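Colleague: Please find coords-v7.pdb (PDB, C-alpha atoms and all ligand atoms) on the next line:
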```
ATOM      1  CA  MET A  26      77.073 143.480  79.801  1.00  0.00           C
ATOM      2  CA  MET A  27      76.228 139.878  79.024  1.00  0.00           C
ATOM      3  CA  ASN A  28      79.577 139.536  77.320  1.00  0.00           C
ATOM      4  CA  ARG A  29      81.437 140.760  80.354  1.00  0.00           C
ATOM      5  CA  LEU A  30      79.496 138.371  82.600  1.00  0.00           C
ATOM      6  CA  GLY A  31      80.234 135.589  80.154  1.00  0.00           C
ATOM      7  CA  LEU A  32      83.921 136.438  80.273  1.00  0.00           C
ATOM      8  CA  VAL A  33      83.905 136.476  84.083  1.00  0.00           C
ATOM      9  CA  ALA A  34      82.209 133.067  84.045  1.00  0.00           C
ATOM     10  CA  VAL A  35      84.797 131.663  81.653  1.00  0.00           C
ATOM     11  CA  VAL A  36      87.683 133.076  83.706  1.00  0.00           C
ATOM     12  CA  LEU A  37      86.197 131.669  86.936  1.00  0.00           C
ATOM     13  CA  TRP A  38      85.692 128.340  85.253  1.00  0.00           C
ATOM     14  CA  LEU A  39      89.282 128.350  83.995  1.00  0.00           C
ATOM     15  CA  VAL A  40      90.649 129.255  87.435  1.00  0.00           C
ATOM     16  CA  SER A  41      88.763 126.415  89.095  1.00  0.00           C
ATOM     17  CA  ALA A  42      89.624 123.965  86.308  1.00  0.00           C
ATOM     18  CA  ILE A  43      93.330 124.833  86.629  1.00  0.00           C
ATOM     19  CA  GLY A  44      93.038 124.672  90.435  1.00  0.00           C
ATOM     20  CA  LEU A  45      91.501 121.211  90.210  1.00  0.00           C
ATOM     21  CA  GLY A  46      94.185 120.158  87.737  1.00  0.00           C
ATOM     22  CA  VAL A  47      96.969 121.299  90.080  1.00  0.00           C
ATOM     23  CA  LEU A  48      95.260 119.491  92.974  1.00  0.00           C
ATOM     24  CA  PHE A  49      94.922 116.368  90.831  1.00  0.00           C
ATOM     25  CA  VAL A  50      98.685 116.315  90.146  1.00  0.00           C
ATOM     26  CA  HIS A  51     100.075 117.486  93.500  1.00  0.00           C
ATOM     27  CA  GLY A  52      97.340 116.416  95.875  1.00  0.00           C
ATOM     28  CA  ARG A  53      97.514 117.866  99.371  1.00  0.00           C
ATOM     29  CA  THR A  54     101.164 117.442 100.230  1.00  0.00           C
ATOM     30  CA  GLU A  55     104.202 119.010 101.848  1.00  0.00           C
ATOM     31  CA  LYS A  56     107.889 118.128 102.068  1.00  0.00           C
ATOM     32  CA  ALA A  57     108.584 116.114 105.233  1.00  0.00           C
ATOM     33  CA  PRO A  58     111.827 116.547 107.258  1.00  0.00           C
ATOM     34  CA  ASP A  59     112.904 112.996 106.325  1.00  0.00           C
ATOM     35  CA  GLY A  60     112.891 113.945 102.624  1.00  0.00           C
ATOM     36  CA  ARG A  61     109.708 112.082 101.754  1.00  0.00           C
ATOM     37  CA  THR A  62     106.546 113.730 100.493  1.00  0.00           C
ATOM     38  CA  ALA A  63     103.962 113.901 103.267  1.00  0.00           C
ATOM     39  CA  VAL A  64     100.402 113.395 102.062  1.00  0.00           C
ATOM     40  CA  LEU A  65      98.148 115.411 104.359  1.00  0.00           C
ATOM     41  CA  MET A  66      94.810 113.937 105.381  1.00  0.00           C
ATOM     42  CA  SER A  67      92.409 113.809 108.313  1.00  0.00           C
ATOM     43  CA  GLY A  68      92.853 111.313 111.170  1.00  0.00           C
ATOM     44  CA  PRO A  69      89.983 109.045 110.032  1.00  0.00           C
ATOM     45  CA  GLU A  70      91.262 109.080 106.428  1.00  0.00           C
ATOM     46  CA  ARG A  71      94.717 108.049 107.634  1.00  0.00           C
ATOM     47  CA  GLU A  72      93.148 105.235 109.670  1.00  0.00           C
ATOM     48  CA  MET A  73      91.294 104.058 106.555  1.00  0.00           C
ATOM     49  CA  VAL A  74      94.460 104.035 104.423  1.00  0.00           C
ATOM     50  CA  PHE A  75      96.457 102.291 107.168  1.00  0.00           C
ATOM     51  CA  SER A  76      93.828  99.624 107.591  1.00  0.00           C
ATOM     52  CA  GLU A  77      93.957  99.003 103.808  1.00  0.00           C
ATOM     53  CA  MET A  78      97.765  98.778 104.109  1.00  0.00           C
ATOM     54  CA  ARG A  79      97.554  96.170 106.857  1.00  0.00           C
ATOM     55  CA  GLY A  80      95.154  94.237 104.627  1.00  0.00           C
ATOM     56  CA  LEU A  81      97.772  94.351 101.838  1.00  0.00           C
ATOM     57  CA  LEU A  82     100.415  92.929 104.169  1.00  0.00           C
ATOM     58  CA  VAL A  83      98.090  90.066 105.142  1.00  0.00           C
ATOM     59  CA  ALA A  84      97.400  89.412 101.443  1.00  0.00           C
ATOM     60  CA  VAL A  85     101.087  89.220 100.452  1.00  0.00           C
ATOM     61  CA  ARG A  86     101.722  86.992 103.478  1.00  0.00           C
ATOM     62  CA  ASP A  87      98.887  84.666 102.397  1.00  0.00           C
ATOM     63  CA  ILE A  88     100.092  84.659  98.758  1.00  0.00           C
ATOM     64  CA  THR A  89     103.597  83.695  99.949  1.00  0.00           C
ATOM     65  CA  ALA A  90     102.123  80.811 101.962  1.00  0.00           C
ATOM     66  CA  ALA A  91      99.990  79.648  99.007  1.00  0.00           C
ATOM     67  CA  LEU A  92     103.072  79.763  96.744  1.00  0.00           C
ATOM     68  CA  ALA A  93     105.030  77.637  99.224  1.00  0.00           C
ATOM     69  CA  GLU A  94     102.220  75.059  99.055  1.00  0.00           C
ATOM     70  CA  GLY A  95     102.129  75.285  95.250  1.00  0.00           C
ATOM     71  CA  ASP A  96      98.446  76.227  95.495  1.00  0.00           C
ATOM     72  CA  THR A  97      98.120  78.575  92.504  1.00  0.00           C
ATOM     73  CA  ALA A  98      94.299  78.570  92.645  1.00  0.00           C
ATOM     74  CA  LYS A  99      94.564  80.089  96.104  1.00  0.00           C
ATOM     75  CA  VAL A 100      97.092  82.640  94.781  1.00  0.00           C
ATOM     76  CA  ALA A 101      94.563  83.649  92.101  1.00  0.00           C
ATOM     77  CA  LYS A 102      91.784  84.045  94.666  1.00  0.00           C
ATOM     78  CA  ILE A 103      93.800  86.220  97.060  1.00  0.00           C
ATOM     79  CA  ALA A 104      95.331  88.307  94.255  1.00  0.00           C
ATOM     80  CA  ARG A 105      91.894  88.992  92.740  1.00  0.00           C
ATOM     81  CA  SER A 106      90.594  90.184  96.099  1.00  0.00           C
ATOM     82  CA  MET A 107      93.313  92.894  96.002  1.00  0.00           C
ATOM     83  CA  GLY A 108      92.700  93.829  92.344  1.00  0.00           C
ATOM     84  CA  MET A 109      91.120  96.860  90.687  1.00  0.00           C
ATOM     85  CA  GLY A 110      87.682  95.736  91.883  1.00  0.00           C
ATOM     86  CA  GLU A 111      88.858  96.667  95.355  1.00  0.00           C
ATOM     87  CA  ALA A 112      90.337  99.992  94.282  1.00  0.00           C
ATOM     88  CA  HIS A 113      87.004 101.809  93.857  1.00  0.00           C
ATOM     89  CA  ASP A 114      87.573 104.497  96.344  1.00  0.00           C
ATOM     90  CA  LYS A 115      84.870 104.967  98.846  1.00  0.00           C
ATOM     91  CA  ALA A 116      86.232 108.448  99.581  1.00  0.00           C
ATOM     92  CA  PRO A 117      86.393 110.862  96.602  1.00  0.00           C
ATOM     93  CA  ASP A 118      87.652 113.670  98.911  1.00  0.00           C
ATOM     94  CA  LEU A 119      90.632 111.537  99.812  1.00  0.00           C
ATOM     95  CA  LEU A 120      91.389 110.840  96.149  1.00  0.00           C
ATOM     96  CA  LEU A 121      91.902 114.589  95.601  1.00  0.00           C
ATOM     97  CA  LYS A 122      94.483 114.726  98.394  1.00  0.00           C
ATOM     98  CA  LEU A 123      96.654 112.023  96.827  1.00  0.00           C
ATOM     99  CA  PRO A 124      99.377 113.194  94.414  1.00  0.00           C
ATOM    100  CA  LEU A 125      99.381 111.743  90.896  1.00  0.00           C
ATOM    101  CA  ASP A 126     102.503 109.563  91.432  1.00  0.00           C
ATOM    102  CA  PHE A 127     100.911 108.058  94.522  1.00  0.00           C
ATOM    103  CA  LYS A 128      97.699 107.269  92.603  1.00  0.00           C
ATOM    104  CA  ARG A 129      99.764 105.763  89.755  1.00  0.00           C
ATOM    105  CA  LEU A 130     101.636 103.481  92.150  1.00  0.00           C
ATOM    106  CA  ALA A 131      98.423 102.464  93.902  1.00  0.00           C
ATOM    107  CA  MET A 132      96.674 101.698  90.597  1.00  0.00           C
ATOM    108  CA  GLY A 133      99.781  99.829  89.382  1.00  0.00           C
ATOM    109  CA  LEU A 134      99.629  97.710  92.515  1.00  0.00           C
ATOM    110  CA  HIS A 135      95.931  96.856  92.148  1.00  0.00           C
ATOM    111  CA  GLY A 136      96.369  96.202  88.400  1.00  0.00           C
ATOM    112  CA  GLY A 137      99.387  93.997  89.172  1.00  0.00           C
ATOM    113  CA  PHE A 138      97.265  91.845  91.486  1.00  0.00           C
ATOM    114  CA  ASP A 139      94.690  91.387  88.702  1.00  0.00           C
ATOM    115  CA  GLN A 140      97.489  90.358  86.311  1.00  0.00           C
ATOM    116  CA  MET A 141      98.778  87.904  88.917  1.00  0.00           C
ATOM    117  CA  ALA A 142      95.275  86.425  89.285  1.00  0.00           C
ATOM    118  CA  ASP A 143      94.955  86.106  85.472  1.00  0.00           C
ATOM    119  CA  ALA A 144      98.420  84.525  85.187  1.00  0.00           C
ATOM    120  CA  ALA A 145      97.668  82.005  87.936  1.00  0.00           C
ATOM    121  CA  ALA A 146      94.387  81.108  86.229  1.00  0.00           C
ATOM    122  CA  LYS A 147      96.283  80.620  82.930  1.00  0.00           C
ATOM    123  CA  GLY A 148      98.618  78.124  84.589  1.00  0.00           C
ATOM    124  CA  GLU A 149     101.778  80.073  85.471  1.00  0.00           C
ATOM    125  CA  ASN A 150     103.902  78.104  87.914  1.00  0.00           C
ATOM    126  CA  PRO A 151     104.787  79.207  91.467  1.00  0.00           C
ATOM    127  CA  ALA A 152     108.272  80.464  90.444  1.00  0.00           C
ATOM    128  CA  GLN A 153     106.750  82.718  87.757  1.00  0.00           C
ATOM    129  CA  LEU A 154     104.073  83.939  90.142  1.00  0.00           C
ATOM    130  CA  ASN A 155     106.718  84.580  92.776  1.00  0.00           C
ATOM    131  CA  ARG A 156     108.498  86.913  90.356  1.00  0.00           C
ATOM    132  CA  ARG A 157     105.231  88.844  90.002  1.00  0.00           C
ATOM    133  CA  LEU A 158     104.989  89.018  93.774  1.00  0.00           C
ATOM    134  CA  ILE A 159     108.475  90.536  93.944  1.00  0.00           C
ATOM    135  CA  GLU A 160     107.397  93.202  91.426  1.00  0.00           C
ATOM    136  CA  GLN A 161     104.413  93.911  93.622  1.00  0.00           C
ATOM    137  CA  LEU A 162     106.622  94.228  96.705  1.00  0.00           C
ATOM    138  CA  ASP A 163     108.831  96.633  94.756  1.00  0.00           C
ATOM    139  CA  ARG A 164     105.747  98.834  94.370  1.00  0.00           C
ATOM    140  CA  CYS A 165     105.186  98.734  98.149  1.00  0.00           C
ATOM    141  CA  THR A 166     108.772  99.733  98.916  1.00  0.00           C
ATOM    142  CA  THR A 167     108.934 102.417  96.186  1.00  0.00           C
ATOM    143  CA  CYS A 168     105.861 104.108  97.581  1.00  0.00           C
ATOM    144  CA  HIS A 169     106.984 103.776 101.216  1.00  0.00           C
ATOM    145  CA  SER A 170     110.353 105.346 100.485  1.00  0.00           C
ATOM    146  CA  GLY A 171     108.774 108.289  98.637  1.00  0.00           C
ATOM    147  CA  PHE A 172     105.687 109.062 100.706  1.00  0.00           C
ATOM    148  CA  ARG A 173     104.392 109.190 104.219  1.00  0.00           C
ATOM    149  CA  ILE A 174     101.065 110.224 105.678  1.00  0.00           C
ATOM    150  CA  ASP A 175     100.652 113.111 108.096  1.00  0.00           C
ATOM    151  CA  VAL A 176      97.479 114.286 109.780  1.00  0.00           C
ATOM    152  CA  ALA A 177      96.223 117.804 109.015  1.00  0.00           C
ATOM    153  CA  GLN A 178      92.669 119.082 109.284  1.00  0.00           C
TER     154      GLN A 178
HETATM  155  C1  LIG B   1     100.839 104.195  96.625  1.00  0.00           C
HETATM  156  C2  LIG B   1     101.668 104.114  97.793  1.00  0.00           C
HETATM  157  C3  LIG B   1     101.742 102.848  98.611  1.00  0.00           C
HETATM  158  C4  LIG B   1     101.775 101.564  98.148  1.00  0.00           C
HETATM  159  C5  LIG B   1     101.783 101.076  96.704  1.00  0.00           C
HETATM  160  C6  LIG B   1     101.843 100.742  99.324  1.00  0.00           C
HETATM  161  N1  LIG B   1     101.836 101.504 100.447  1.00  0.00           N
HETATM  162 FE1  LIG B   1     101.857 100.851 102.373  1.00  0.00          FE
HETATM  163  N2  LIG B   1     101.884 102.745 103.050  1.00  0.00           N
HETATM  164  C7  LIG B   1     101.962 103.862 102.262  1.00  0.00           C
HETATM  165  C8  LIG B   1     102.175 105.025 103.087  1.00  0.00           C
HETATM  166  C9  LIG B   1     102.344 106.452 102.585  1.00  0.00           C
HETATM  167  C10 LIG B   1     102.206 104.572 104.424  1.00  0.00           C
HETATM  168  C11 LIG B   1     102.451 105.430 105.676  1.00  0.00           C
HETATM  169  C12 LIG B   1     103.958 105.490 105.902  1.00  0.00           C
HETATM  170  C13 LIG B   1     104.326 106.555 106.894  1.00  0.00           C
HETATM  171  O1  LIG B   1     103.511 107.464 107.201  1.00  0.00           O
HETATM  172  O2  LIG B   1     105.492 106.506 107.346  1.00  0.00           O
HETATM  173  C14 LIG B   1     102.014 103.135 104.371  1.00  0.00           C
HETATM  174  C15 LIG B   1     101.943 102.309 105.475  1.00  0.00           C
HETATM  175  C16 LIG B   1     101.896 100.936 105.425  1.00  0.00           C
HETATM  176  C17 LIG B   1     101.806 100.065 106.580  1.00  0.00           C
HETATM  177  C18 LIG B   1     101.709 100.510 108.034  1.00  0.00           C
HETATM  178  C19 LIG B   1     100.240 100.508 108.439  1.00  0.00           C
HETATM  179  C20 LIG B   1     100.009 100.861 109.914  1.00  0.00           C
HETATM  180  O3  LIG B   1      98.945 100.517 110.424  1.00  0.00           O
HETATM  181  O4  LIG B   1     100.911 101.477 110.535  1.00  0.00           O
HETATM  182  C21 LIG B   1     101.850  98.786 106.103  1.00  0.00           C
HETATM  183  C22 LIG B   1     101.800  97.494 106.917  1.00  0.00           C
HETATM  184  C23 LIG B   1     101.901  98.853 104.655  1.00  0.00           C
HETATM  185  N3  LIG B   1     101.928 100.184 104.278  1.00  0.00           N
HETATM  186  C24 LIG B   1     101.957  97.743 103.830  1.00  0.00           C
HETATM  187  C25 LIG B   1     102.023  97.804 102.440  1.00  0.00           C
HETATM  188  C26 LIG B   1     102.199  96.660 101.565  1.00  0.00           C
HETATM  189  C27 LIG B   1     102.395  95.235 102.035  1.00  0.00           C
HETATM  190  C28 LIG B   1     102.171  97.120 100.293  1.00  0.00           C
HETATM  191  C29 LIG B   1     102.335  96.376  98.998  1.00  0.00           C
HETATM  192  C30 LIG B   1     101.635  95.146  98.803  1.00  0.00           C
HETATM  193  C31 LIG B   1     101.991  98.554 100.372  1.00  0.00           C
HETATM  194  N4  LIG B   1     101.905  98.936 101.682  1.00  0.00           N
HETATM  195  C32 LIG B   1     101.902  99.362  99.269  1.00  0.00           C
HETATM  196  C33 LIG B   1     101.854 103.906 100.896  1.00  0.00           C
HETATM  197  C34 LIG B   1     101.807 102.804 100.054  1.00  0.00           C
END
```
Just dump the structure as structure tokens.
Ligand code: HEC

Modeller:
Amino acid sequence: MMNRLGLVAVVLWLVSAIGLGVLFVHGRTEKAPDGRTAVLMSGPEREMVFSEMRGLLVAVRDITAALAEGDTAKVAKIARSMGMGEAHDKAPDLLLKLPLDFKRLAMGLHGGFDQMADAAAKGENPAQLNRRLIEQLDRCTTCHSGFRIDVAQ
């Protein structure tokens, strides 16, 4: 009897572990009519992500301005504020809805800002830092062409 219960427990555990694994890779998504992958989230979650996105646009705008002034200390400061330290997600539920490729791109972006901050602190010149900024912008455009966000309860 105990053995059978034990087996049921193991099977249930396996099913939920596999379920979580699938969720971790695929997130909560569906194919959108425009060919992109739609990540499905609640209205407030979408607002949170969008507000972070608008913050990213302000940051790359400010980095561009600092580069034009040759102010690499300012580049380092702005880049750091967009680094991994900022990536700690306040919403673990939301993290489960994001597909793995999306999370990879997002982490690559935050990590790239940390590398830019480190490089600026080590004395890279504005042209070198600008090349890093272009790589960062490539991450923005790659993600935007592959994913969109739709509201679903
Ligand atoms: C990991 C994926 C990902 C990365 C990386 C990413 N974005 Fe986004 N962003 C999205 C998605 C998805 C949307 C929603 C697009 C849609 O639904 O059509 C979005 C929307 C936006 C919006 C619109 C916000 C609004 O209020 O309507 C802006 C602005 C934006 N992103 C800027 C950026 C910038 C700048 C970067 C790079 C520095 C960036 N994003 C990097 C996924 C990403």

Colleague: May I have the centre and edge lengths, in Å to one decimal, of an axis-aligned box around the listed atoms of ligand LIG 1 (chain B) with 3 Å added to every side, as AutoDock Vina command-line options?

Modeller:
```
--center_x 102.2 --center_y 101.3 --center_z 103.6 --size_x 12.5 --size_y 18.3 --size_z 19.9
```

Colleague: Please evaluate the PyMOL selection byres (((chain A and resi 159-175) around 10) and not hetatm) against the displayed coordinates and give the resulting residues as number ranges by chain.

Modeller: A: 54-57, 59-68, 70-71, 74-75, 78, 81-82, 85, 124, 126-127, 130-131, 133-138, 141, 154-158, 176-177

Colleague: Pick from A:Glu111, A:Gln178, A:Gln153, A:Leu39: nearest to Glu77 in chain A, with all atoms listed in the file counted?

Modeller: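 Ranking A:Glu111, A:Gln178, A:Gln153, A:Leu39 by distance to Glu77 in chain A, first place goes to A:Glu111.
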
Colleague: For a test of reading the model, state the distance in Å between CA of Arg53 in chain A and CA of Val33 in chain A, rounded to one decimal.

Modeller: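 Computing it gives 27.7 Å between the two atoms.
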
Colleague: In terms of the shortest atom-to-atom distance over only C-alpha atoms and all ligand atoms, which of A:Met73, A:Ala144, A:Leu119, A:Ala91 is closest to ligand LIG 1 (chain B)?

Modeller: A:Met73

Colleague: Considering all atoms listed in the file, give me a table of residues in range 133-166 of chain A that are at most 7 Å from range 94-106 of chain A, with the closest atom pair and distance in Å for each, as a tab-separated table.

Modeller:
```
residue	atom	partner	partner_atom	distance
A:Phe138	CA	A:Ala104	CA	4.9
A:Asp139	CA	A:Arg105	CA	5.5
A:Met141	CA	A:Ala104	CA	6.4
A:Ala142	CA	A:Ala101	CA	4.0
A:Ala145	CA	A:Ala101	CA	5.4
A:Ala146	CA	A:Ala101	CA	6.4
A:Pro151	CA	A:Gly95	CA	6.1
```

Colleague: Export, as a tab-separated table (two decimals), keeping the file's coordinate frame, the selected residues with C-alpha atoms.

Modeller:
```
chain	number	residue	atom	x	y	z
A	138	PHE	CA	97.26	91.84	91.49
A	139	ASP	CA	94.69	91.39	88.70
A	141	MET	CA	98.78	87.90	88.92
A	142	ALA	CA	95.28	86.42	89.28
A	145	ALA	CA	97.67	82.00	87.94
A	146	ALA	CA	94.39	81.11	86.23
A	151	PRO	CA	104.79	79.21	91.47
```
